[in-house]
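See below for query_16.txt, which holds compact mmCIF, C-alpha atoms.
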# COMPACT_ATOMS: atom_id res chain seq x y z
CA PHE A 188 102.29 88.23 110.89
CA PHE A 189 99.12 89.33 112.78
CA GLY A 190 97.87 91.22 109.71
CA ILE A 191 100.80 93.60 109.37
CA ALA A 192 101.80 95.12 105.98
CA HIS A 193 99.78 92.81 103.75
CA GLY A 194 101.45 92.24 100.38
CA GLU A 195 104.75 93.83 101.42
CA SER A 196 108.18 92.27 101.98
CA ILE A 197 110.11 92.45 105.27
CA TYR A 198 113.49 94.10 104.65
CA SER A 199 114.92 94.45 108.15
CA VAL A 200 114.07 93.82 111.81
CA ARG A 201 115.86 94.94 114.97
CA PHE A 202 115.06 93.86 118.52
CA VAL A 203 115.76 96.24 121.43
CA LYS A 204 114.65 94.92 124.81
CA GLU A 205 110.85 94.53 124.69
CA LYS A 206 110.44 96.31 121.36
CA ALA A 207 111.06 95.38 117.74
CA TYR A 208 111.59 97.74 114.82
CA MET A 209 110.60 96.37 111.43
CA VAL A 210 110.83 97.78 107.92
CA THR A 211 108.69 96.49 105.06
CA PHE A 212 108.56 97.70 101.47
CA ARG A 213 106.45 97.57 98.35
CA GLN A 214 106.18 101.16 97.18
CA ILE A 215 107.04 103.20 100.27
CA ASP A 216 108.84 102.28 103.49
CA PRO A 217 106.75 101.69 106.61
CA LEU A 218 108.78 101.54 109.81
CA PHE A 219 106.79 99.65 112.46
CA VAL A 220 107.39 99.84 116.21
CA LEU A 221 106.22 96.61 117.85
CA ASP A 222 105.56 95.86 121.51
CA LEU A 223 106.89 92.41 122.46
CA SER A 224 106.33 92.65 126.21
CA VAL A 225 103.81 89.82 125.87
CA PRO A 226 105.68 87.41 123.55
CA ASP A 227 102.64 85.42 122.43
CA SER A 228 100.64 88.59 121.74
CA PRO A 229 102.79 91.19 119.93
CA ARG A 230 101.11 94.43 118.96
CA ILE A 231 101.83 97.43 116.76
CA LEU A 232 102.57 100.59 118.72
CA GLY A 233 103.15 102.95 115.82
CA GLU A 234 104.37 103.28 112.24
CA LEU A 235 106.06 105.78 109.93
CA LYS A 236 105.67 105.78 106.14
CA ILE A 237 108.41 107.38 104.07
CA PRO A 238 109.83 106.76 100.55
CA GLY A 239 112.55 104.12 100.12
CA TYR A 240 113.45 101.45 102.65
CA SER A 241 116.11 100.45 105.19
CA ASP A 242 118.11 97.25 104.61
CA TYR A 243 119.88 97.51 107.95
CA LEU A 244 118.67 98.92 111.27
CA HIS A 245 121.17 99.83 113.99
CA PRO A 246 120.18 100.95 117.51
CA ILE A 247 121.99 104.12 118.53
CA ASN A 248 120.31 104.01 121.92
CA GLU A 249 117.00 102.79 123.36
CA THR A 250 114.95 105.43 121.52
CA HIS A 251 116.89 106.13 118.30
CA ILE A 252 117.41 103.75 115.38
CA LEU A 253 119.72 104.35 112.42
CA GLY A 254 118.62 102.91 109.08
CA ILE A 255 120.94 102.29 106.12
CA GLY A 256 119.17 101.53 102.86
CA ARG A 257 117.76 102.97 99.67
CA ALA A 258 116.36 106.43 99.06
CA GLY A 259 113.26 106.51 96.88
CA ASP A 260 110.32 108.55 95.69
CA MET A 261 106.60 108.16 96.34
CA ASP A 262 106.25 105.97 93.22
CA GLY A 263 108.64 103.38 94.65
CA ARG A 264 111.54 104.36 92.35
CA ILE A 265 114.98 103.99 93.94
CA THR A 266 117.06 107.18 93.80
CA GLY A 267 120.23 106.43 95.81
CA ILE A 268 121.66 105.36 99.16
CA LYS A 269 120.13 106.80 102.32
CA ALA A 270 121.08 106.96 105.99
CA ALA A 271 118.22 107.98 108.27
CA LEU A 272 117.92 108.50 112.01
CA PHE A 273 114.55 107.51 113.45
CA ASP A 274 113.40 108.99 116.74
CA CYS A 275 111.16 106.46 118.48
CA SER A 276 111.07 108.12 121.89
CA ASN A 277 107.32 108.28 121.31
CA PRO A 278 106.74 104.75 119.96
CA VAL A 279 103.20 105.61 118.91
CA LYS A 280 104.47 108.30 116.54
CA PRO A 281 108.03 107.52 115.34
CA ILE A 282 109.60 110.25 113.21
CA GLU A 283 112.55 110.58 110.87
CA ALA A 284 114.75 112.99 112.81
CA TYR A 285 117.34 113.36 110.06
CA GLY A 286 118.26 111.76 106.75
CA ILE A 287 121.02 112.07 104.17
CA GLU A 288 121.01 110.76 100.59
CA LEU A 289 124.12 109.70 98.66
CA GLY A 290 124.66 109.07 94.96
CA GLY A 291 122.20 107.95 92.30
CA ARG A 292 119.95 104.95 91.81
CA PHE A 293 122.77 102.54 90.90
CA SER A 294 124.85 103.31 93.99
CA GLU A 295 125.76 100.43 96.32
CA SER A 296 126.94 99.78 99.86
CA ALA A 297 128.23 96.58 101.43
CA ALA A 298 126.37 97.61 104.61
CA LEU A 299 123.05 96.91 102.86
CA SER A 300 123.72 93.17 102.90
CA ASP A 301 126.47 92.74 105.51
CA HIS A 302 126.02 94.34 108.93
CA LYS A 303 129.74 93.91 109.68
CA ALA A 304 130.49 96.55 107.06
CA PHE A 305 128.81 99.15 109.29
CA LEU A 306 130.79 100.79 112.11
CA GLN A 307 129.62 102.98 114.99
CA ILE A 308 132.20 104.52 117.31
CA ASP A 309 131.07 106.28 120.46
CA MET A 310 133.17 109.40 121.05
CA PRO A 311 132.35 110.72 124.55
CA ARG A 312 135.27 113.15 124.38
CA LEU A 313 133.88 114.61 121.14
CA PHE A 314 130.85 116.29 122.74
CA ASN A 315 129.15 112.93 123.39
CA SER A 316 128.76 112.23 119.69
CA SER A 317 129.35 109.12 117.58
CA LEU A 318 131.18 108.37 114.36
CA ILE A 319 129.23 106.44 111.73
CA VAL A 320 131.29 104.76 108.99
CA PHE A 321 130.15 102.58 106.08
CA PRO A 322 131.44 101.77 102.58
CA VAL A 323 129.76 103.14 99.46
CA THR A 324 130.10 103.02 95.70
CA LEU A 325 128.33 106.11 94.36
CA ASP A 326 127.15 107.09 90.92
CA SER A 327 124.85 109.80 89.66
CA GLU A 328 121.83 109.60 87.38
CA SER A 329 123.56 111.65 84.70
CA SER A 330 126.77 109.58 84.74
CA ARG A 331 124.74 106.37 84.33
CA PHE A 332 122.78 107.83 81.39
CA GLU A 333 125.92 108.93 79.59
CA THR A 334 127.72 105.64 80.28
CA MET A 335 124.89 103.50 78.91
CA HIS A 336 125.26 105.23 75.56
CA ARG A 337 128.98 104.49 75.44
CA PHE A 338 129.22 101.10 77.15
CA TYR A 339 125.58 99.83 77.20
CA GLY A 340 125.61 99.65 81.01
CA GLY A 341 128.33 97.00 81.19
CA CYS A 342 131.67 97.16 83.00
CA GLY A 343 132.24 100.62 81.60
CA GLN A 344 130.12 102.13 84.39
CA LYS A 345 132.03 105.00 85.94
CA TYR A 346 131.29 105.87 89.54
CA THR A 347 131.76 109.24 91.20
CA PHE A 348 133.17 107.75 94.40
CA GLN A 349 134.24 104.37 95.71
CA GLY A 350 135.40 103.95 99.30
CA ALA A 351 133.90 104.73 102.71
CA LYS A 352 132.15 107.75 104.22
CA VAL A 353 132.72 108.95 107.78
CA PHE A 354 129.93 110.88 109.49
CA ARG A 355 129.60 112.50 112.87
CA LEU A 356 126.24 111.83 114.53
CA ASP A 357 125.54 114.56 117.04
CA GLY A 358 122.06 114.60 118.50
CA SER A 359 119.84 114.22 115.45
CA GLN A 360 122.16 115.48 112.70
CA PHE A 361 124.75 113.91 110.40
CA THR A 362 127.90 115.81 109.47
CA GLU A 363 130.26 114.32 106.89
CA LEU A 364 133.79 114.38 108.29
CA ALA A 365 135.82 112.44 105.74
CA SER A 366 135.85 110.25 102.65
CA ILE A 367 138.19 107.27 102.59
CA SER A 368 139.24 106.10 99.14
CA HIS A 369 141.84 103.53 98.07
CA SER A 370 141.97 105.06 94.59
CA LEU A 371 144.12 107.89 93.33
CA LEU A 372 142.58 110.97 91.79
CA PRO A 373 142.60 111.11 87.98
CA LYS A 374 145.27 113.10 86.21
CA SER A 375 142.82 114.45 83.66
CA PRO A 376 139.06 115.10 83.62
CA SER A 377 138.67 112.59 80.77
CA SER A 378 139.83 109.60 82.88
CA SER A 379 137.90 108.01 85.71
CA PHE A 380 139.40 107.85 89.19
CA LEU A 381 139.91 104.07 88.82
CA GLU A 382 141.56 104.24 85.39
CA GLN A 383 144.49 106.03 87.08
CA THR A 384 145.40 102.99 89.20
CA LEU A 385 143.71 99.94 87.68
CA GLY A 386 143.33 100.62 84.00
CA ARG A 387 140.37 101.58 81.87
CA ASP A 388 138.56 98.23 82.19
CA ALA A 389 138.43 98.37 85.99
CA SER A 390 136.11 101.35 86.41
CA CYS A 391 132.94 99.34 87.07
CA GLY A 392 131.57 99.19 90.59
CA GLN A 393 131.31 95.38 90.46
CA CYS A 394 135.02 94.85 89.78
CA PRO A 395 137.10 94.15 92.91
CA SER A 396 139.27 97.26 92.31
CA SER A 397 139.40 99.42 95.45
CA LYS A 398 135.99 98.70 96.89
CA VAL A 399 136.21 99.11 100.67
CA ARG A 400 134.76 96.11 102.54
CA ARG A 401 135.55 96.86 106.19
CA VAL A 402 136.50 99.80 108.38
CA LEU A 403 138.06 99.07 111.80
CA TYR A 404 138.71 101.31 114.80
CA ILE A 405 141.82 100.37 116.78
CA ASN A 406 143.58 102.55 119.35
CA GLU A 407 141.85 105.73 118.12
CA GLU A 408 142.80 105.08 114.49
CA LEU A 409 140.62 104.06 111.54
CA PHE A 410 141.77 101.22 109.27
CA SER A 411 140.00 100.47 105.99
CA LEU A 412 140.27 97.20 104.05
CA SER A 413 139.54 96.80 100.36
CA ASP A 414 139.75 94.06 97.75

Take the structure in this file and express it as structure tokens.
Amino acid sequence: FFGIAHGESIYSVRFVKEKAYMVTFRQIDPLFVLDLSVPDSPRILGELKIPGYSDYLHPINETHILGIGRAGDMDGRITGIKAALFDCSNPVKPIEAYGIELGGRFSESAALSDHKAFLQIDMPRLFNSSLIVFPVTLDSESSRFETMHRFYGGCGQKYTFQGAKVFRLDGSQFTELASISHSLLPKSPSSSFLEQTLGRDASCGQCPSSKVRRVLYINEELFSLSD
């Protein structure tokens, strides 16, 4: 593709009018801003290199792009889920205006592979801000290490949270407003939050259990759907 990111894989692309925003990945995450005003002669306007990568890009407006994907380090090691706001008002020098990391390296989100799992709600009455909602299944590095010794990384994996996160996006900052979970809290510290409702064998993040798949906004109310 006109010599861009040789040897890297394309993870996400978003088209906004005469521009395209593209994320590639091999070890770190380059975000490219492309000029498509001349369709048969696209050109690179600017790029930003940061650890991790974005699986899904969502335009907040004409100059700001929200990326949902994986957090990582400079060695290409995945460290969790990340939501990042990219300011492309200067397309020659895009910047990461704000980012937030969730969970450990084995965390998951349906929004990484299904854009319909992501929800943005414009709230003009709430100081011209937006609500950002997406499902997550979060673990931590320490919980994974301990679990592997007991269950060898199988369905015994215990996650620290399974549900959806609600954030307020105001300007260039995320503020967590709520966590939506379809699971009850454990009665004792020794039991996982899923053992309370689904039994001991249902605490793995891959089991249907209470994994939230969709969040809907209808008549100023949020509805979440799980398996």

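Of the listed residues A:Gly256, A:Gly358, A:Pro246, A:Gly291, the one whose atoms come nearest to Val203 (chain A) is A:Pro246, with distances taken using all atoms listed in the file.
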
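Counting from CA of Ser241 (chain A), the distance to CA of Leu223 (chain A) is 21.2 Å.
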
Practice problem: Tell me which protein, DNA and RNA residues are within 12 Å of region 398-402 of chain A, counting all atoms listed in the file, leaving out same-chain ones fewer than 2 positions away, and put them as a VMD selection string. | Solution: chain A and resid 295 to 308 318 to 325 346 348 to 353 366 to 370 381 389 to 396 404 to 405 408 to 414

Practice problem: Can you pull out every residue within 9 Å of Glu205 (chain A), counting all atoms listed in the file, but drop anything in the same chain fewer than 6 positions away, and send it as a list in words? | Solution: Leu221, Asp222, Leu223, Ser224, Val225 and Pro226 of chain A

Quiz item: For Gly286 (chain A), which of A:Ser397, A:Gln360, A:Ser327, A:Asn406 is the closest residue, counting only C-alpha atoms?
Solution: A:Gln360

Quiz item: Hey, which of A:Asp357, A:Glu407, A:Asp227, A:Asp326 ends up closest to Gly267 (chain A)? Count all atoms listed in the file.
Solution: A:Asp326

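Taking CA of Phe361 (chain A) and CA of Asp262 (chain A) as the two end points, the separation is 26.5 Å.
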
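You will find CA of Thr211 (chain A) at 13.9 Å from CA of Ala258 (chain A).
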
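Between Ile237 (chain A) and the candidates A:Leu253, A:Val279, A:Leu364, A:Met261, the tightest atom-to-atom separation, counting all atoms listed in the file, involves A:Met261.
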
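For the residues A:Ile231, A:Ile268, A:Ile252, A:Val210, ranking by smallest atom-to-atom distance to Ile287 (chain A) using all atoms listed in the file places A:Ile268 first.
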
Around all the atoms of region 362-367 of chain A listed in the file, draw an axis-aligned box and extend it by 8 Å on each of the six sides; I want its centre and edge lengths in Å to one decimal, as lines of an AutoDock Vina configuration file.
center_x = 133.0
center_y = 111.5
center_z = 106.0
size_x = 26.3
size_y = 24.5
size_z = 22.9
